[in-house]
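Engineer: One structure follows; several queries about it will come next.
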Amino acid sequence: MNRKTILITGASGDVGTHLRRELARSYDIRASDLRPLKKVGRETFMRADLSKMSDALRITKGVDAIVHLGGYSVEGPWEGILSANIVGCYNVFEAARLNGVKRIVFPTSNHAVGFYERSTTIDHRVYPKPDSRYGVSKVFGEALGSLYADKYGMEFLMIRVGNVNPEPIDKRRLSIWVSPRDIAQLVTIGIEHPGIRFEIVYGISGNTRAWYDNANALRLGYKPKDNSEAWAREVLAREKKGDPVAEKYQGGVFCAVEQVPNPAPLPGRRR
Ligand code: 15L
């Protein structure tokens with residue numbers, strides 16, 4: 001059987017590197033990034049600046065599916081987020097449409113919903129509550145995917161990724177951690193599951209302390225192999241008390257950065 005060719009944008013980053021290694025067992029990988037790539041296997045590399053439509057058109061030609069990681073993966077200045085994450089995302093989805101690539105897996109982020117409190121459990125149906133310009137750019141990608149699914153019949157799995165790491169690194173990550181093999185399993189569902197039009201799932205392992213109800217991922221066949229609880233004791237033993245805003249919200253320090261602690265009341269409203 002012919003192996004599918006999968007384009008991974010932003011392939012030089014941490015998540016891209018984990019995914020190239022994990023997915024190479026089943027797929028031919030076309031890796032793309034602005035930065036040079038340290039190969040982990042037999043992937044082919046195409047350098048691209050995704051803020052240029054001509055580059056997006058060139059790299060999306062002839063692939064079976066796209067995993068779009070390219071852009072800032074943390075908070076950044078507006079100009080950078082605008083060109084790398086917002087224009088870049090538009091160019092990749094639009095180039096895919098023009099090149100007839102139907103299936104896109106978009107690793108969005110927990111920061112699209114970071115201003116939900118840690119005391120609440122949220123599922124895939126909540127409205128966005130981004131905690132940063134970066135989070136807003138991920139909400140933009142989710143909305144654009146929804147439009148392209150409904151209008152053009154394209155197919156999207158939106159994975160609101162927690163933190164991809166070989167091990168959970170702090171208390172917040174005990175709730176949102178995802179192992180490299182579990183994120184690869186979710187991406188594979190996004191590539192292979194028949195009949196996906198537009199779905200949102202959370203990119204977390206089977207964590208005991210999760211604050212996401214990941215029923216939609218389980219419905220699509222996700223069977224996480226890992227659980228952060230195995231590291232909980234050692235992670236909690238070294239945890240230091242953090243900023244109260246960061247501690248309150250799911251997005252952690254992304255919520256605390258640049259925050260106005262007691263916003264003034266809106267004109268004409270009583271507090
Ligand atoms: C993300 O969305 C980032 O891409 C990653 O670098 C981490 O900051 C992660 O969220 C997290 O919240 O730990």
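Chain labels follow the order of the structure tokens: the first chain is A, the next B, and so on; residue numbering restarts at 1 in every chain, and ligands are counted from 1 in their shown order.
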Using only C-alpha atoms and all ligand atoms, determine which residues fall within 7 Å of ligand 1, then list them as a tab-separated table (two decimals) with N, CA, C and O atoms, in the first residue's frame.
Structural biologist:
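What follows is the written file pocket-v3.tsv:
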```tsv
chain	number	residue	atom	x	y	z
A	73	SER	N	5.02	29.62	19.18
A	73	SER	CA	4.39	28.62	20.04
A	73	SER	C	4.25	29.15	21.47
A	73	SER	O	3.88	28.41	22.38
A	74	VAL	N	4.57	30.42	21.65
A	74	VAL	CA	4.36	31.09	22.95
A	74	VAL	C	3.91	32.53	22.66
A	74	VAL	O	3.81	32.91	21.50
A	109	SER	N	-4.18	25.23	20.99
A	109	SER	CA	-3.47	25.25	22.27
A	109	SER	C	-4.43	25.38	23.44
A	109	SER	O	-5.53	25.94	23.32
A	110	ASN	N	-3.96	24.89	24.59
A	110	ASN	CA	-4.70	25.13	25.85
A	110	ASN	C	-4.86	26.64	26.08
A	110	ASN	O	-5.77	27.06	26.79
A	111	HIS	N	-3.98	27.47	25.47
A	111	HIS	CA	-4.06	28.91	25.68
A	111	HIS	C	-5.20	29.57	24.89
A	111	HIS	O	-5.45	30.76	25.08
A	161	VAL	N	-3.68	21.54	22.37
A	161	VAL	CA	-2.56	20.83	23.00
A	161	VAL	C	-2.23	21.44	24.36
A	161	VAL	O	-2.20	22.66	24.51
A	162	GLY	N	-1.98	20.55	25.32
A	162	GLY	CA	-1.51	21.00	26.63
A	162	GLY	C	-0.02	21.24	26.56
A	162	GLY	O	0.44	22.21	25.97
A	163	ASN	N	0.78	20.36	27.13
A	163	ASN	CA	2.23	20.52	27.07
A	163	ASN	C	2.86	19.19	26.68
A	163	ASN	O	2.75	18.21	27.41
A	173	ARG	N	1.27	21.42	34.62
A	173	ARG	CA	1.45	20.44	33.55
A	173	ARG	C	0.98	19.04	33.97
A	173	ARG	O	0.75	18.18	33.11
A	251	GLY	N	-4.45	28.65	32.15
A	251	GLY	CA	-3.32	29.07	31.30
A	251	GLY	C	-2.07	29.45	32.05
A	251	GLY	O	-1.04	29.74	31.43
```
Engineer: List the neighbours of Ala215 in chain A out to 10 Å using only C-alpha atoms; skip same-chain residues closer than 3 positions along the sequence, and give me the result as a PyMOL selection string.
Structural biologist: chain A and resi 123-124+201-202+212+218-222
Engineer: Hey, which of A:Val139, A:Val235, A:Val87, A:Ala210 ends up closest to Asp49 in chain A? Count only C-alpha atoms.
Structural biologist: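 Of A:Val139, A:Val235, A:Val87, A:Ala210, the one nearest Asp49 in chain A, counting only C-alpha atoms, is A:Val87.
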Engineer: Fewer than 5 positions away in the same chain doesn't count, so skip those; otherwise give me all residues within 10 Å of Phe93 in chain A, counting only C-alpha atoms, as a list in words.
Structural biologist: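 Those residues are Ala56, Leu57, Thr60, Ile66, His68, Gly88, Leu98, Asn99, Val101, Lys102, Arg103, Ile104, Phe106, Gly141, Leu144, Gly145, Tyr148 and Met154 of chain A.
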Engineer: Output all heavy atoms for every residue in that selection, as a CSV table (one decimal), in the first residue's frame.
Structural biologist:
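Contents of selection20.csv, as written:
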```csv
chain,number,residue,atom,x,y,z
A,56,ALA,N,3.6,28.9,0.9
A,56,ALA,CA,2.5,28.0,1.3
A,56,ALA,C,2.0,27.1,0.2
A,56,ALA,O,1.8,25.9,0.4
A,56,ALA,CB,1.4,28.8,2.0
A,57,LEU,N,1.8,27.7,-1.0
A,57,LEU,CA,1.4,26.9,-2.1
A,57,LEU,C,2.4,25.9,-2.5
A,57,LEU,O,2.0,24.7,-2.8
A,57,LEU,CB,1.1,27.9,-3.3
A,57,LEU,CG,-0.2,28.7,-3.2
A,57,LEU,CD1,-0.2,29.8,-4.3
A,57,LEU,CD2,-1.4,27.7,-3.5
A,60,THR,N,2.5,22.8,0.1
A,60,THR,CA,1.3,22.0,0.3
A,60,THR,C,0.9,21.2,-0.9
A,60,THR,O,0.0,20.4,-0.9
A,60,THR,CB,0.1,22.9,0.7
A,60,THR,OG1,-0.1,24.0,-0.3
A,60,THR,CG2,0.3,23.6,2.1
A,66,ILE,N,-2.1,17.7,6.2
A,66,ILE,CA,-1.1,18.7,6.8
A,66,ILE,C,-1.3,18.7,8.3
A,66,ILE,O,-2.4,18.7,8.8
A,66,ILE,CB,-1.5,20.1,6.2
A,66,ILE,CG1,-1.3,20.1,4.7
A,66,ILE,CG2,-0.6,21.2,6.9
A,66,ILE,CD1,-1.9,21.3,4.0
A,68,HIS,N,-0.4,21.4,10.9
A,68,HIS,CA,0.1,22.8,10.8
A,68,HIS,C,0.5,23.3,12.2
A,68,HIS,O,-0.3,23.8,13.0
A,68,HIS,CB,-1.0,23.7,10.2
A,68,HIS,CG,-0.5,25.2,10.3
A,68,HIS,ND1,0.7,25.6,9.8
A,68,HIS,CD2,-1.2,26.3,10.6
A,68,HIS,CE1,0.8,26.9,10.0
A,68,HIS,NE2,-0.3,27.4,10.5
A,88,GLY,N,0.0,33.4,8.5
A,88,GLY,CA,0.6,32.1,8.1
A,88,GLY,C,-0.5,31.0,8.1
A,88,GLY,O,-0.5,30.2,7.2
A,98,LEU,N,-6.6,25.4,-2.3
A,98,LEU,CA,-6.3,25.6,-3.7
A,98,LEU,C,-5.6,24.3,-4.3
A,98,LEU,O,-5.8,24.0,-5.5
A,98,LEU,CB,-5.4,26.8,-3.9
A,98,LEU,CG,-6.1,28.1,-3.6
A,98,LEU,CD1,-5.2,29.3,-3.6
A,98,LEU,CD2,-7.3,28.4,-4.6
A,99,ASN,N,-4.8,23.6,-3.5
A,99,ASN,CA,-4.1,22.5,-3.9
A,99,ASN,C,-4.9,21.2,-3.7
A,99,ASN,O,-4.4,20.1,-3.9
A,99,ASN,CB,-2.7,22.3,-3.2
A,99,ASN,CG,-1.7,23.2,-3.8
A,99,ASN,OD1,-1.7,23.5,-5.0
A,99,ASN,ND2,-0.8,23.7,-3.0
A,101,VAL,N,-5.9,19.7,-0.9
A,101,VAL,CA,-5.6,18.9,0.3
A,101,VAL,C,-6.8,19.1,1.3
A,101,VAL,O,-7.0,20.2,1.7
A,101,VAL,CB,-4.3,19.4,1.0
A,101,VAL,CG1,-3.9,18.5,2.1
A,101,VAL,CG2,-3.2,19.4,0.0
A,102,LYS,N,-7.4,18.0,1.6
A,102,LYS,CA,-8.7,18.1,2.3
A,102,LYS,C,-8.5,18.1,3.8
A,102,LYS,O,-9.2,18.7,4.6
A,102,LYS,CB,-9.6,16.9,2.0
A,102,LYS,CG,-10.9,17.3,1.4
A,102,LYS,CD,-11.8,16.1,1.1
A,102,LYS,CE,-13.2,16.5,1.3
A,102,LYS,NZ,-14.1,15.4,1.1
A,103,ARG,N,-7.5,17.3,4.3
A,103,ARG,CA,-7.4,17.0,5.7
A,103,ARG,C,-6.3,17.8,6.4
A,103,ARG,O,-5.2,17.8,6.0
A,103,ARG,CB,-7.2,15.5,5.8
A,103,ARG,CG,-7.2,14.9,7.2
A,103,ARG,CD,-8.5,15.1,7.9
A,103,ARG,NE,-9.6,14.3,7.5
A,103,ARG,CZ,-10.1,13.2,8.2
A,103,ARG,NH1,-9.5,12.8,9.2
A,103,ARG,NH2,-11.1,12.5,7.7
A,104,ILE,N,-6.7,18.6,7.4
A,104,ILE,CA,-5.7,19.3,8.2
A,104,ILE,C,-5.9,19.0,9.7
A,104,ILE,O,-7.0,19.0,10.2
A,104,ILE,CB,-5.9,20.9,8.0
A,104,ILE,CG1,-5.6,21.2,6.5
A,104,ILE,CG2,-4.9,21.7,8.9
A,104,ILE,CD1,-5.7,22.7,6.1
A,106,PHE,N,-4.8,20.6,13.1
A,106,PHE,CA,-4.3,21.9,13.6
A,106,PHE,C,-4.0,21.8,15.1
A,106,PHE,O,-5.0,21.8,15.9
A,106,PHE,CB,-5.3,23.0,13.3
A,106,PHE,CG,-4.8,24.4,13.8
A,106,PHE,CD1,-3.6,24.9,13.3
A,106,PHE,CD2,-5.6,25.2,14.6
A,106,PHE,CE1,-3.1,26.2,13.7
A,106,PHE,CE2,-5.2,26.4,15.0
A,106,PHE,CZ,-3.9,26.9,14.6
A,141,GLY,N,-7.3,30.3,14.2
A,141,GLY,CA,-7.1,29.1,13.5
A,141,GLY,C,-8.3,28.2,13.6
A,141,GLY,O,-8.7,27.5,12.6
A,144,LEU,N,-11.1,29.7,11.5
A,144,LEU,CA,-10.9,29.6,10.1
A,144,LEU,C,-11.1,28.2,9.7
A,144,LEU,O,-11.7,27.9,8.6
A,144,LEU,CB,-9.4,30.0,9.8
A,144,LEU,CG,-9.1,30.2,8.3
A,144,LEU,CD1,-9.8,31.4,7.7
A,144,LEU,CD2,-7.6,30.3,8.1
A,145,GLY,N,-10.7,27.2,10.5
A,145,GLY,CA,-10.9,25.8,10.1
A,145,GLY,C,-12.4,25.5,10.1
A,145,GLY,O,-12.9,24.8,9.2
A,148,TYR,N,-13.7,26.9,6.8
A,148,TYR,CA,-13.3,26.1,5.6
A,148,TYR,C,-14.0,24.7,5.6
A,148,TYR,O,-14.1,24.1,4.6
A,148,TYR,CB,-11.8,26.0,5.6
A,148,TYR,CG,-11.1,27.1,4.9
A,148,TYR,CD1,-11.5,28.5,5.2
A,148,TYR,CD2,-10.2,27.0,3.9
A,148,TYR,CE1,-10.9,29.5,4.6
A,148,TYR,CE2,-9.6,28.0,3.2
A,148,TYR,CZ,-10.0,29.3,3.6
A,148,TYR,OH,-9.4,30.4,2.9
A,154,MET,N,-13.8,21.0,3.7
A,154,MET,CA,-12.5,20.5,4.2
A,154,MET,C,-12.6,19.9,5.6
A,154,MET,O,-13.7,20.0,6.2
A,154,MET,CB,-11.4,21.6,4.2
A,154,MET,CG,-11.0,22.0,2.8
A,154,MET,SD,-10.0,23.5,2.7
A,154,MET,CE,-8.5,23.0,3.5
```
Engineer: Please extract the residues of range 47-262 of chain A with a backbone DSSP assignment of alpha helix (DSSP H) and present them as a ChimeraX atom specification.
Structural biologist: /A:53-60,78-80,88-98,133-152,171-176,180-192,215-219,232-237,244-248,253-256
Engineer: Quick one: of A:Ser119, A:Asn214, A:Ser54, A:Thr17, who's nearest to Lys248 in chain A, counting only C-alpha atoms?
Structural biologist: A:Ser119
Engineer: How far is it from CA of Pro107 in chain A to CA of Ala232 in chain A, in Å with one decimal?
Structural biologist: 25.6 Å
Engineer: For Asn216 in chain A, which residue among A:Met158, A:Gly242, A:Lys171, A:Ile176 is the nearest when counting only C-alpha atoms?
Structural biologist: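 Under the stated criterion, the closest residue is A:Met158.
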Engineer: Calculated over only C-alpha atoms, which of the candidates A:Lys151, A:Arg47, A:Arg20, A:Arg172 has the smallest distance to Arg209 in chain A?
Structural biologist: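 Selected residue with least distance to Arg209 in chain A: A:Arg172.
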Engineer: For Ser51 in chain A, find every residue with an atom within 12 Å (counting only C-alpha atoms), except residues of its own chain fewer than 6 positions away, and show them as a list in words.
Structural biologist: Asp33, Leu34, Leu57, Gly70, Gly71, Glu79, Gly80, Ile81, Leu82, Ser83, Ala84, Asn85, Ile86, Val87, Gly88, Cys89, Tyr90, Asn91, Val92 and Ala95 of chain A
Engineer: Do a neighbour search on range 181-193 of chain A at 8 Å with only C-alpha atoms, toss out local chain neighbours closer than 2 positions, and write the hits as an mmCIF file with C-alpha atoms, in the first residue's frame.
Structural biologist:
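Generated file (selection00.cif):
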```cif
data_model
loop_
_atom_site.group_PDB
_atom_site.id
_atom_site.type_symbol
_atom_site.label_atom_id
_atom_site.label_comp_id
_atom_site.auth_asym_id
_atom_site.auth_seq_id
_atom_site.Cartn_x
_atom_site.Cartn_y
_atom_site.Cartn_z
ATOM 1 C CA LEU A 19 5.978 14.226 15.704
ATOM 2 C CA GLU A 22 6.747 9.265 15.933
ATOM 3 C CA LEU A 23 4.896 9.620 12.610
ATOM 4 C CA ALA A 65 -2.684 15.792 4.881
ATOM 5 C CA VAL A 67 -0.173 19.072 10.433
ATOM 6 C CA ARG A 103 -7.424 17.032 5.708
ATOM 7 C CA ILE A 104 -5.716 19.333 8.210
ATOM 8 C CA VAL A 105 -4.703 18.622 11.786
ATOM 9 C CA PHE A 156 -10.163 19.480 10.457
ATOM 10 C CA LEU A 157 -9.104 17.984 13.723
ATOM 11 C CA ILE A 159 -6.176 19.540 18.999
ATOM 12 C CA VAL A 164 4.142 17.961 25.002
ATOM 13 C CA VAL A 178 0.753 14.912 26.885
ATOM 14 C CA SER A 179 3.429 12.362 26.092
ATOM 15 C CA GLY A 195 -15.783 11.343 8.266
ATOM 16 C CA ILE A 196 -14.210 14.066 10.366
ATOM 17 C CA GLY A 203 -4.167 17.154 23.477
ATOM 18 C CA ILE A 204 -3.539 15.623 26.883
ATOM 19 C CA SER A 205 -2.604 12.169 28.125
ATOM 20 C CA ALA A 217 -11.274 12.462 21.738
ATOM 21 C CA LEU A 220 -12.981 9.302 18.057
ATOM 22 C CA GLY A 221 -11.055 6.296 19.382
ATOM 23 C CA TYR A 222 -8.290 7.935 21.444
ATOM 24 C CA PRO A 224 -4.115 7.463 25.920
ATOM 25 C CA LYS A 225 -1.242 5.273 27.077
ATOM 26 C CA ASP A 226 0.218 7.668 29.657
#
```
Engineer: Tell me which protein, DNA and RNA residues are within 9 Å of Phe115 in chain A, counting only C-alpha atoms, leaving out same-chain ones fewer than 2 positions away, and put them as a list of chain:residue names.
Structural biologist: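 Residues near the query, excluding close chain neighbours: A:His111, A:Ala112, A:Val113, A:Glu117, A:Arg118, A:Pro128, A:Lys129, A:Pro130, A:Asp131, A:Lys248, A:Tyr249, A:Gln250, A:Gly251, A:Gly252, A:Cys255.
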Engineer: Taking only C-alpha atoms into account, which of A:Ile59, A:Leu37, A:Val136, A:Val260 comes nearest Gly13 in chain A?
Structural biologist: A:Leu37
Engineer: Just the strand (DSSP E or B) stuff from range 14-202 of chain A, please, per backbone DSSP, written as a ChimeraX atom specification.
Structural biologist: /A:28-33,44-47,65-68,103-109,117,122,155-161,163-164,177-178,198-202
